Structure formats: C-alpha cells, structure tokens
file data_5.cif (mmCIF, C-alpha atoms)
data_target
#
loop_
_atom_site.group_PDB
_atom_site.id
_atom_site.type_symbol
_atom_site.label_atom_id
_atom_site.label_comp_id
_atom_site.auth_asym_id
_atom_site.auth_seq_id
_atom_site.Cartn_x
_atom_site.Cartn_y
_atom_site.Cartn_z
ATOM 1 C CA MET A 24 26.907 0.766 53.431
ATOM 2 C CA ALA A 25 29.375 -1.823 54.714
ATOM 3 C CA ILE A 26 26.689 -3.448 56.833
ATOM 4 C CA ALA A 27 24.280 -3.554 53.880
ATOM 5 C CA LEU A 28 26.963 -5.071 51.609
ATOM 6 C CA SER A 29 27.902 -7.650 54.246
ATOM 7 C CA ALA A 30 24.272 -8.573 54.831
ATOM 8 C CA SER A 31 23.715 -8.879 51.067
ATOM 9 C CA CYS A 32 26.714 -11.182 50.715
ATOM 10 C CA LEU A 33 25.628 -13.344 53.639
ATOM 11 C CA GLY A 34 22.037 -13.493 52.331
ATOM 12 C CA ALA A 35 23.171 -14.388 48.809
ATOM 13 C CA GLY A 36 25.574 -16.968 50.252
ATOM 14 C CA LEU A 37 22.764 -18.625 52.189
ATOM 15 C CA PHE A 38 20.441 -18.472 49.162
ATOM 16 C CA LEU A 39 23.021 -20.100 46.855
ATOM 17 C CA LEU A 40 24.314 -22.640 49.381
ATOM 18 C CA ARG A 41 22.354 -25.549 47.953
ATOM 19 C CA HIS A 42 23.015 -25.079 44.224
ATOM 20 C CA ALA A 43 26.304 -23.127 44.130
ATOM 21 C CA PRO A 44 28.241 -23.873 47.320
ATOM 22 C CA ALA A 45 31.466 -22.508 45.797
ATOM 23 C CA VAL A 46 29.817 -19.097 45.464
ATOM 24 C CA SER A 47 28.625 -19.332 49.065
ATOM 25 C CA VAL A 48 32.114 -20.146 50.319
ATOM 26 C CA ALA A 49 33.471 -17.224 48.297
ATOM 27 C CA LEU A 50 30.887 -14.771 49.656
ATOM 28 C CA PHE A 51 31.391 -15.917 53.240
ATOM 29 C CA GLY A 52 35.154 -15.615 52.729
ATOM 30 C CA ALA A 53 34.707 -12.085 51.375
ATOM 31 C CA VAL A 54 32.709 -10.994 54.422
ATOM 32 C CA GLY A 55 35.159 -12.583 56.844
ATOM 33 C CA ALA A 56 38.206 -11.120 55.126
ATOM 34 C CA GLY A 57 36.504 -7.722 54.814
ATOM 35 C CA ILE A 58 35.746 -7.575 58.540
ATOM 36 C CA TYR A 59 39.272 -8.695 59.385
ATOM 37 C CA GLY A 60 40.761 -6.214 56.903
ATOM 38 C CA PHE A 61 38.674 -3.369 58.290
ATOM 39 C CA PHE A 62 40.053 -3.846 61.786
ATOM 40 C CA ILE A 63 43.618 -4.225 60.502
ATOM 41 C CA SER A 64 43.303 -1.103 58.333
ATOM 42 C CA ALA A 65 41.502 0.970 60.965
ATOM 43 C CA ALA A 66 44.225 0.257 63.521
ATOM 44 C CA ASP A 67 46.504 2.633 61.583
ATOM 45 C CA GLY A 68 43.909 5.421 61.557
ATOM 46 C CA PRO A 69 41.050 6.307 59.239
ATOM 47 C CA LYS A 70 43.159 7.179 56.185
ATOM 48 C CA GLY A 71 42.648 4.730 53.327
ATOM 49 C CA VAL A 72 40.387 2.311 55.193
ATOM 50 C CA PRO A 73 37.693 1.894 52.482
ATOM 51 C CA ALA A 74 40.208 1.079 49.734
ATOM 52 C CA GLU A 75 42.237 -1.276 51.945
ATOM 53 C CA THR A 76 39.102 -3.021 53.193
ATOM 54 C CA VAL A 77 37.839 -3.697 49.673
ATOM 55 C CA GLY A 78 41.284 -5.137 48.891
ATOM 56 C CA TRP A 79 40.934 -7.570 51.780
ATOM 57 C CA THR A 80 37.405 -8.393 50.623
ATOM 58 C CA THR A 81 38.613 -9.160 47.110
ATOM 59 C CA MET A 82 41.341 -11.450 48.425
ATOM 60 C CA GLY A 83 38.808 -13.264 50.637
ATOM 61 C CA LEU A 84 36.370 -13.648 47.745
ATOM 62 C CA VAL A 85 38.958 -15.049 45.346
ATOM 63 C CA ALA A 86 40.507 -17.356 47.950
ATOM 64 C CA GLY A 87 37.084 -18.568 49.087
ATOM 65 C CA GLY A 88 36.022 -19.106 45.483
ATOM 66 C CA MET A 89 39.107 -21.178 44.680
ATOM 67 C CA ILE A 90 38.674 -23.261 47.820
ATOM 68 C CA GLY A 91 34.953 -23.634 47.098
ATOM 69 C CA LEU A 92 35.586 -24.829 43.546
ATOM 70 C CA VAL A 93 38.032 -27.460 44.778
ATOM 71 C CA VAL A 94 35.939 -28.876 47.607
ATOM 72 C CA THR A 95 32.357 -28.436 46.329
ATOM 73 C CA ARG A 96 30.313 -28.952 43.148
ATOM 74 C CA GLY A 97 27.384 -27.079 41.660
ATOM 75 C CA LYS A 98 24.083 -28.913 41.810
ATOM 76 C CA PRO A 99 21.215 -28.981 39.294
ATOM 77 C CA PRO A 100 19.297 -27.198 37.901
ATOM 78 C CA SER A 101 22.021 -25.508 35.905
ATOM 79 C CA SER A 102 19.625 -23.038 34.292
ATOM 80 C CA PHE A 103 19.055 -21.407 37.696
ATOM 81 C CA LEU A 104 22.776 -20.685 38.014
ATOM 82 C CA TRP A 105 23.100 -19.391 34.454
ATOM 83 C CA HIS A 106 20.105 -17.108 34.895
ATOM 84 C CA ALA A 107 21.607 -15.790 38.137
ATOM 85 C CA ALA A 108 24.903 -15.097 36.347
ATOM 86 C CA VAL A 109 23.206 -13.281 33.445
ATOM 87 C CA GLY A 110 21.036 -11.288 35.847
ATOM 88 C CA ALA A 111 24.089 -10.225 37.841
ATOM 89 C CA LEU A 112 25.898 -9.244 34.646
ATOM 90 C CA ILE A 113 22.962 -7.120 33.480
ATOM 91 C CA ALA A 114 22.604 -5.462 36.916
ATOM 92 C CA LEU A 115 26.349 -4.801 37.317
ATOM 93 C CA PRO A 116 26.635 -1.397 35.576
ATOM 94 C CA PHE A 117 23.541 -0.047 37.327
ATOM 95 C CA GLY A 118 24.708 -1.351 40.692
ATOM 96 C CA ALA A 119 28.192 0.117 40.203
ATOM 97 C CA LEU A 120 26.739 3.529 39.353
ATOM 98 C CA LEU A 121 24.385 3.407 42.318
ATOM 99 C CA PHE A 122 27.216 2.356 44.618
ATOM 100 C CA PHE A 123 29.459 5.178 43.385
ATOM 101 C CA LEU A 124 26.660 7.717 43.939
ATOM 102 C CA LEU A 125 26.087 6.356 47.446
ATOM 103 C CA ILE A 126 29.791 6.691 48.235
ATOM 104 C CA ASP A 127 29.769 10.228 46.871
ATOM 105 C CA GLN A 128 26.772 11.044 49.065
ATOM 106 C CA ALA A 129 28.297 9.484 52.186
ATOM 107 C CA CYS A 130 31.773 10.927 51.568
ATOM 108 C CA PRO A 131 31.466 14.210 49.666
ATOM 109 C CA LEU A 132 34.500 15.216 47.625
ATOM 110 C CA TYR A 133 36.851 17.866 49.008
ATOM 111 C CA VAL A 134 35.657 17.413 52.612
ATOM 112 C CA THR A 135 38.558 16.668 54.934
ATOM 113 C CA ARG A 136 37.581 17.996 58.386
ATOM 114 C CA GLY A 137 35.768 15.373 60.418
ATOM 115 C CA ALA A 138 35.643 13.079 57.417
ATOM 116 C CA GLY A 139 36.392 9.924 59.432
ATOM 117 C CA TYR A 140 37.049 7.000 57.115
ATOM 118 C CA CYS A 141 36.534 9.282 54.107
ATOM 119 C CA PHE A 142 39.696 11.241 54.957
ATOM 120 C CA TYR A 143 42.774 11.253 52.732
ATOM 121 C CA ASP A 144 45.893 13.452 53.081
ATOM 122 C CA PHE A 145 45.483 15.118 49.704
ATOM 123 C CA ASP A 146 42.720 15.756 47.215
ATOM 124 C CA MET A 147 42.438 12.702 45.011
ATOM 125 C CA LEU A 148 39.391 13.961 43.055
ATOM 126 C CA GLY A 149 37.375 11.023 44.268
ATOM 127 C CA ALA A 150 39.846 8.457 43.005
ATOM 128 C CA TRP A 151 39.476 6.293 46.096
ATOM 129 C CA ALA A 152 35.698 6.095 45.506
ATOM 130 C CA THR A 153 36.356 5.004 41.930
ATOM 131 C CA GLU A 154 38.866 2.431 43.177
ATOM 132 C CA VAL A 155 36.402 0.991 45.669
ATOM 133 C CA THR A 156 33.638 0.886 43.040
ATOM 134 C CA PHE A 157 35.970 -0.757 40.524
ATOM 135 C CA PHE A 158 37.058 -3.494 42.936
ATOM 136 C CA LEU A 159 33.513 -4.198 44.073
ATOM 137 C CA SER A 160 32.499 -4.474 40.402
ATOM 138 C CA LEU A 161 35.418 -6.839 39.882
ATOM 139 C CA ASN A 162 34.138 -8.874 42.817
ATOM 140 C CA VAL A 163 30.749 -9.177 41.115
ATOM 141 C CA LEU A 164 32.518 -10.436 37.973
ATOM 142 C CA VAL A 165 34.283 -13.077 40.100
ATOM 143 C CA VAL A 166 30.918 -14.172 41.504
ATOM 144 C CA ILE A 167 29.510 -14.344 37.957
ATOM 145 C CA ALA A 168 32.436 -16.547 36.898
ATOM 146 C CA LEU A 169 31.876 -18.798 39.908
ATOM 147 C CA LEU A 170 28.178 -19.051 39.049
ATOM 148 C CA LEU A 171 29.029 -20.057 35.474
ATOM 149 C CA VAL A 172 31.528 -22.705 36.619
ATOM 150 C CA SER A 173 28.983 -24.036 39.128
ATOM 151 C CA GLY A 174 26.389 -24.073 36.334
ATOM 152 C CA ARG A 175 28.720 -26.114 34.167
ATOM 153 C CA GLN A 176 29.280 -28.579 37.010
ATOM 154 C CA ALA A 177 25.519 -28.821 37.521
ATOM 155 C CA LYS A 178 25.000 -29.381 33.774
ATOM 156 C CA ARG A 179 27.391 -32.347 33.886
ATOM 157 C CA ASP A 180 25.455 -33.811 36.799
ATOM 158 C CA GLU A 181 22.195 -33.326 34.888
ATOM 159 C CA GLY A 182 23.676 -35.187 31.891
ATOM 160 C CA ILE A 183 24.863 -38.070 34.040
ATOM 161 C CA LYS A 184 21.417 -38.389 35.609
ATOM 162 C CA LEU A 185 19.882 -38.542 32.132
ATOM 163 C CA GLY A 186 22.116 -41.491 31.231
ATOM 164 C CA GLU A 187 24.599 -39.713 28.983
ATOM 165 C CA ASP A 188 28.205 -40.740 29.114
ATOM 166 C CA GLU A 189 31.157 -38.354 29.255
ATOM 167 C CA TRP A 190 31.950 -38.695 25.531
ATOM 168 C CA SER A 191 28.514 -37.959 24.136
ATOM 169 C CA ARG A 192 28.197 -34.414 25.558
ATOM 170 C CA THR A 193 29.450 -31.411 23.708
ATOM 171 C CA PRO A 194 31.576 -28.988 25.714
ATOM 172 C CA ILE A 195 30.020 -25.740 26.812
#

call {"tool": "encode", "arguments": {"input": "data_5.cif", "output": "structure tokens"}}
result
Amino acid sequence: MAIALSASCLGAGLFLLRHAPAVSVALFGAVGAGIYGFFISAADGPKGVPAETVGWTTMGLVAGGMIGLVVTRGKPPSSFLWHAAVGALIALPFGALLFFLLIDQACPLYVTRGAGYCFYDFDMLGAWATEVTFFLSLNVLVVIALLLVSGRQAKRDEGIKLGEDEWSRTPI
C-alpha cells in the first residue's frame, strides 16, 4: 500500500507540476519525508511504524506546501484546479473508507504473532488504523486547500491577461 500511495503522489505531482507547482512540491515533500520517516521509525522496531510514518508524511506535505506557495504560483486555467479540488473533496470519504478496509485486510485486528509492522504491544481495537486513515484524509484536505489557493493565483493571472486591474476584480 505504501508503494501505491507513493506512486500516486509522485504521479499526481508530475501531473500537476505545470498548473499547480505548489501542490507538486507538497506531494514530493510528502513522499520524501514519508520514506525518511519510515526508515527512522523502523530502526526502533516494527511497533508503531505506520502511524509514525504517516506523521512524517504529513509534516513533509505541509512543509512542502508552504514552501511551494511561497516560491511558486498557480497557472491558468483556474477552472482545472477548482475542478480537481472539488473532485478530490467528493472522492475523499470513499477513498478513506477504501483505505481503512485495505488496512484492515492487510493488518487484521487482534493478530500479534508475526504481524510485522502491524504489531502493537496491546490491543488498540484498530485505533492505529483509524489514526493512519484520519491523517491521510487530513493530507488530502491539505492538498485540496493547496489546489484552491493555486486556483486563486491562476484566476488572478487570468484577470491580468484579460486587461483587468487589481481594483476591478471582486475577491473570491
């Protein structure tokens, strides 16, 4: 699952590089921080690795997004970015449910012998799977916010190209 998520982030980052470079920087930062965090977390043993890794991923995504917003700008068409944000928002609950079910399938509850990275010292009733799903859903919300900010930047550039001045546009 980690490889599929990483590949999805890298693919989306490459796809959005032209119109939403801040989102691309954020996604690349998430993958880099997630890989780094995995090796740091796994060095202490398998206990807690999924939850710690998603924490590293979230930090990389937010840091990359902030850096991306400072050093890059969204490019027209803005409607593409807004549609991507709305599509991600609509898909979020279904994706979160699917992800939770995949985690439950890969790491069945109450299994501790030979559980590898699914192992925890005590029965948490699947709380770590919920935590991982929650933080990955939060990461999608961060990407949606970055898409909306990039869309707003692209909208300003569209207005300037049409000959509008800064005072004649209404804020979004």

call {"tool": "resolve_selection", "arguments": {"input": "data_5.cif", "expression": "the PyMOL selection byres ((chain A and resi 45) around 9)", "output": "list of chain:residue names"}}
result
A:Leu39, A:Leu40, A:His42, A:Ala43, A:Pro44, A:Val46, A:Ser47, A:Val48, A:Ala49, A:Leu50, A:Gly87, A:Gly88, A:Met89, A:Ile90, A:Gly91, A:Leu92, A:Val93, A:Val94, A:Thr95, A:Arg96, A:Gly97, A:Leu169, A:Leu170, A:Ser173

call {"tool": "axis_aligned_box", "arguments": {"input": "data_5.cif", "around": "segment 164-173 of chain A", "padding_each_side": "6 Å", "output": "AutoDock Vina command-line options"}}
result
--center_x 31.2 --center_y -17.2 --center_z 38.5 --size_x 18.1 --size_y 25.6 --size_z 18.0

call {"tool": "residues_around", "arguments": {"input": "data_5.cif", "residues": "segment 56-68 of chain A", "least_positions_apart": "3", "cutoff": "7 Å", "atoms": "only C-alpha atoms", "output": "list in words"}}
result
Gly52, Ala53, Val72, Glu75, Thr76, Val77, Trp79, Thr80 and Gly83 of chain A

call {"tool": "residues_around", "arguments": {"input": "data_5.cif", "residues": "segment 103-109 of chain A", "least_positions_apart": "6", "cutoff": "7 Å", "atoms": "all atoms listed in the file", "output": "list in words"}}
result
Ile167, Leu170, Leu171 and Gly174 of chain A

call {"tool": "closest_residue", "arguments": {"input": "data_5.cif", "among": "A:Lys98, A:Cys32, A:Val166, A:Met24", "to": "Val54 of chain A", "atoms": "only C-alpha atoms"}}
result
A:Cys32

call {"tool": "atom_distance", "arguments": {"input": "data_5.cif", "atom1": "atom CA of Asp127 of chain A", "atom2": "atom CA of Asn162 of chain A"}}
result
20.0 Å
